file protein_13.pdb (PDB, C-alpha atoms)
ATOM      1  CA  MET A   1      26.191  12.922  14.786
ATOM      2  CA  LEU A   2      23.528  11.351  12.611
ATOM      3  CA  LEU A   3      20.958  13.665  11.056
ATOM      4  CA  ILE A   4      17.659  12.049  10.191
ATOM      5  CA  GLU A   5      15.312  13.804   7.767
ATOM      6  CA  CYS A   6      11.772  13.921   9.141
ATOM      7  CA  PRO A   7       9.390  14.160   6.152
ATOM      8  CA  TRP A   8       7.418  16.837   8.039
ATOM      9  CA  CYS A   9      10.035  18.727  10.113
ATOM     10  CA  GLY A  10      13.240  18.417   8.095
ATOM     11  CA  PRO A  11      16.643  17.222   9.328
ATOM     12  CA  ARG A  12      17.016  16.727  13.083
ATOM     13  CA  ASP A  13      19.526  15.059  15.399
ATOM     14  CA  GLU A  14      19.084  11.315  15.887
ATOM     15  CA  THR A  15      18.379  11.844  19.615
ATOM     16  CA  GLU A  16      14.920  13.181  18.657
ATOM     17  CA  TYR A  17      13.873   9.825  17.180
ATOM     18  CA  HIS A  18      13.078   6.288  18.272
ATOM     19  CA  TYR A  19      13.549   3.200  16.156
ATOM     20  CA  GLY A  20      10.368   1.254  15.387
ATOM     21  CA  GLY A  21      11.648  -1.904  13.720
ATOM     22  CA  GLU A  22      11.391  -3.300  10.227
ATOM     23  CA  ALA A  23       9.096  -1.426   7.822
ATOM     24  CA  HIS A  24       6.384  -3.005   5.679
ATOM     25  CA  VAL A  25       5.593  -5.912   8.009
ATOM     26  CA  ALA A  26       1.937  -6.774   7.483
ATOM     27  CA  TYR A  27      -0.153  -7.413  10.593
ATOM     28  CA  PRO A  28      -1.913 -10.801  10.431
ATOM     29  CA  ALA A  29      -5.518 -10.561   9.203
ATOM     30  CA  ASP A  30      -6.783 -12.783  12.039
ATOM     31  CA  PRO A  31      -4.118 -13.136  14.747
ATOM     32  CA  SER A  32      -6.368 -15.311  16.908
ATOM     33  CA  GLN A  33      -6.139 -18.035  14.251
ATOM     34  CA  LEU A  34      -2.336 -18.204  14.381
ATOM     35  CA  SER A  35      -0.519 -20.957  16.205
ATOM     36  CA  ASP A  36       1.889 -19.964  18.974
ATOM     37  CA  GLU A  37       4.782 -20.646  16.601
ATOM     38  CA  GLU A  38       3.283 -18.460  13.834
ATOM     39  CA  TRP A  39       2.538 -15.656  16.308
ATOM     40  CA  SER A  40       6.058 -15.751  17.746
ATOM     41  CA  LYS A  41       7.517 -15.609  14.218
ATOM     42  CA  PHE A  42       5.409 -12.524  13.495
ATOM     43  CA  LEU A  43       6.476 -10.828  16.739
ATOM     44  CA  PHE A  44      10.154 -11.692  16.913
ATOM     45  CA  TYR A  45      11.566 -12.846  13.575
ATOM     46  CA  ARG A  46      12.804 -10.012  11.400
ATOM     47  CA  ALA A  47      15.320  -9.600   8.618
ATOM     48  CA  ASN A  48      18.816  -8.555   9.635
ATOM     49  CA  PRO A  49      20.486  -7.786   6.307
ATOM     50  CA  LYS A  50      23.932  -6.462   5.613
ATOM     51  CA  GLY A  51      23.193  -3.460   3.407
ATOM     52  CA  LEU A  52      19.990  -1.553   2.652
ATOM     53  CA  PHE A  53      17.107  -2.064   5.067
ATOM     54  CA  ALA A  54      13.678  -0.373   5.312
ATOM     55  CA  GLU A  55      12.904   0.709   8.881
ATOM     56  CA  ARG A  56      10.201   2.553  10.818
ATOM     57  CA  TRP A  57      11.103   5.602  12.891
ATOM     58  CA  VAL A  58       9.069   7.998  15.027
ATOM     59  CA  HIS A  59       9.990  11.651  15.587
ATOM     60  CA  SER A  60       9.300  11.313  19.303
ATOM     61  CA  THR A  61      10.453  14.755  20.494
ATOM     62  CA  GLY A  62       9.229  16.606  17.402
ATOM     63  CA  CYS A  63       6.010  16.122  15.455
ATOM     64  CA  ARG A  64       5.513  12.577  16.895
ATOM     65  CA  ARG A  65       4.760  11.162  13.456
ATOM     66  CA  TRP A  66       5.931   7.829  12.098
ATOM     67  CA  PHE A  67       7.855   7.513   8.844
ATOM     68  CA  ASN A  68       9.993   4.992   6.997
ATOM     69  CA  ALA A  69      13.691   5.205   6.229
ATOM     70  CA  VAL A  70      16.002   3.135   4.060
ATOM     71  CA  ARG A  71      19.289   2.759   5.939
ATOM     72  CA  ASP A  72      22.534   1.056   4.993
ATOM     73  CA  THR A  73      23.273  -1.204   7.959
ATOM     74  CA  VAL A  74      26.989  -1.289   7.083
ATOM     75  CA  SER A  75      27.701   2.450   6.890
ATOM     76  CA  TYR A  76      24.660   3.633   8.900
ATOM     77  CA  ASP A  77      23.878   6.132   6.094
ATOM     78  CA  ILE A  78      20.199   6.880   5.681
ATOM     79  CA  LYS A  79      19.605   6.740   1.937
ATOM     80  CA  ALA A  80      15.942   7.800   1.820
ATOM     81  CA  VAL A  81      12.977   8.751   3.988
ATOM     82  CA  TYR A  82       9.320   8.466   3.020
ATOM     83  CA  LYS A  83       5.903   8.754   4.621
ATOM     84  CA  PRO A  84       3.778   5.746   5.617
ATOM     85  CA  GLY A  85       1.598   4.700   2.710
ATOM     86  CA  GLU A  86       4.162   5.798   0.141
ATOM     87  CA  LYS A  87       6.015   3.177  -1.879
ATOM     88  CA  LYS A  88       9.502   2.200  -0.833
ATOM     89  CA  PRO A  89      11.913   4.101  -3.105
ATOM     90  CA  GLN A  90      14.043   2.169  -5.575
ATOM     91  CA  ILE A  91      17.700   2.604  -4.682
ATOM     92  CA  ASP A  92      20.474   1.558  -7.081
ATOM     93  CA  ALA A  93      24.118   2.343  -6.333
ATOM     94  CA  GLY A  94      23.344   5.536  -4.473
ATOM     95  CA  ASN A  95      20.603   6.683  -6.866
ATOM     96  CA  VAL A  96      17.335   7.325  -5.072
ATOM     97  CA  ALA A  97      14.113   7.826  -7.022
ATOM     98  CA  GLY A  98      11.345   9.834  -5.400
ATOM     99  CA  ALA A  99      12.908  10.311  -1.976
ATOM    100  CA  LYS A 100      15.146  12.692  -0.071
ATOM    101  CA  VAL A 101      18.752  11.569   0.263
ATOM    102  CA  GLN A 102      21.003  12.305   3.198
ATOM    103  CA  SER A 103      24.256  11.171   4.719
ATOM    104  CA  VAL A 104      25.679  10.847   8.217
ATOM    105  CA  LYS A 105      27.706  14.019   7.747
ATOM    106  CA  GLY A 106      24.856  16.322   6.798
ATOM    107  CA  GLY A 107      21.220  16.909   6.068
ATOM    108  CA  ALA A 108      19.268  16.483   2.860
ATOM    109  CA  LYS A 109      21.232  16.786  -0.379
TER
END

call {"tool": "encode", "arguments": {"input": "protein_13.pdb", "output": "structure tokens"}}
result
Amino acid sequence: MLLIECPWCGPRDETEYHYGGEAHVAYPADPSQLSDEEWSKFLFYRANPKGLFAERWVHSTGCRRWFNAVRDTVSYDIKAVYKPGEKKPQIDAGNVAGAKVQSVKGGAK
């Protein structure tokens, strides 16, 4: 079971959440000025890294708020969670600055 730390509600089972895609993707300032190719790249082209990845999640059966999480796509460990508008935490070799840390096996450490 994967526990995900909601910044407002605390750790909850992953079944309470829905994935919202890559975090920190800026919406185009004037989408009507984009070509079809540029618009399709905005909609469908996302990073797919092996390792740490910033994602958006919504606590759909809880507080219904959106938040960001940094997840290791290899181990599925969630390394940090943070509220929208907050800076993405710097993560070096398991060290997380300014964010809650958790693992697949338990809640916040």

call {"tool": "resolve_selection", "arguments": {"input": "protein_13.pdb", "expression": "the PyMOL selection byres ((chain A and resi 66) around 9)", "output": "PyMOL selection string"}}
result
chain A and resi 6+20+56-60+63-65+67-68+83-84

call {"tool": "atom_distance", "arguments": {"input": "protein_13.pdb", "atom1": "CA of Val74 in chain A", "atom2": "CA of Asn48 in chain A"}}
result
11.2 Å

call {"tool": "axis_aligned_box", "arguments": {"input": "protein_13.pdb", "around": "range 64-82 of chain A", "padding_each_side": "3 Å", "output": "AutoDock Vina command-line options"}}
result
--center_x 16.2 --center_y 5.6 --center_z 9.4 --size_x 28.9 --size_y 19.9 --size_z 21.1

call {"tool": "atom_distance", "arguments": {"input": "protein_13.pdb", "atom1": "CA of Leu52 in chain A", "atom2": "CA of Lys79 in chain A"}}
result
8.3 Å

call {"tool": "atom_distance", "arguments": {"input": "protein_13.pdb", "atom1": "CA of Ile4 in chain A", "atom2": "CA of Val25 in chain A"}}
result
21.7 Å

call {"tool": "residues_around", "arguments": {"input": "protein_13.pdb", "residues": "Lys88 in chain A", "least_positions_apart": "3", "cutoff": "10 Å", "atoms": "all atoms listed in the file", "output": "compact mmCIF listing (two decimals) with C-alpha atoms, keeping the file's coordinate frame"}}
result
# COMPACT_ATOMS: atom_id res chain seq x y z
CA ALA A 23 9.10 -1.43 7.82
CA HIS A 24 6.38 -3.00 5.68
CA ALA A 54 13.68 -0.37 5.31
CA ASN A 68 9.99 4.99 7.00
CA ALA A 69 13.69 5.20 6.23
CA VAL A 70 16.00 3.14 4.06
CA ALA A 80 15.94 7.80 1.82
CA VAL A 81 12.98 8.75 3.99
CA TYR A 82 9.32 8.47 3.02
CA LYS A 83 5.90 8.75 4.62
CA PRO A 84 3.78 5.75 5.62
CA GLY A 85 1.60 4.70 2.71
CA ILE A 91 17.70 2.60 -4.68
CA ALA A 97 14.11 7.83 -7.02
CA GLY A 98 11.34 9.83 -5.40
CA ALA A 99 12.91 10.31 -1.98

call {"tool": "residues_near_point", "arguments": {"input": "protein_13.pdb", "point": "(23.2, 0.5, 7.0)", "cutoff": "8 Å", "atoms": "all atoms listed in the file", "output": "list in words"}}
result
Lys50, Gly51, Leu52, Phe53, Arg71, Asp72, Thr73, Val74, Ser75, Tyr76, Asp77 and Ile78 of chain A

call {"tool": "residues_around", "arguments": {"input": "protein_13.pdb", "residues": "Arg46 in chain A", "least_positions_apart": "5", "cutoff": "9 Å", "atoms": "only C-alpha atoms", "output": "list in words"}}
result
Gly21, Glu22, Val25 and Lys41 of chain A

call {"tool": "write_last_selection", "arguments": {"input": "protein_13.pdb", "atoms": "C-alpha atoms", "output": "PDB file, in the frame of the given file"}}
result
ATOM      1  CA  GLY A  21      11.648  -1.904  13.720  1.00  0.00           C
ATOM      2  CA  GLU A  22      11.391  -3.300  10.227  1.00  0.00           C
ATOM      3  CA  VAL A  25       5.593  -5.912   8.009  1.00  0.00           C
ATOM      4  CA  LYS A  41       7.517 -15.609  14.218  1.00  0.00           C
TER       5      LYS A  41
END

call {"tool": "resolve_selection", "arguments": {"input": "protein_13.pdb", "expression": "the PyMOL selection byres ((chain A and resi 13) around 9)", "output": "list in words"}}
result
Met1, Leu2, Leu3, Ile4, Glu5, Pro11, Arg12, Glu14, Thr15, Glu16 and Tyr17 of chain A

call {"tool": "resolve_selection", "arguments": {"input": "protein_13.pdb", "expression": "the PyMOL selection byres ((chain A and resi 43) around 12)", "output": "number ranges by chain"}}
result
A: 21-22, 25-28, 31, 34, 36-42, 44-46
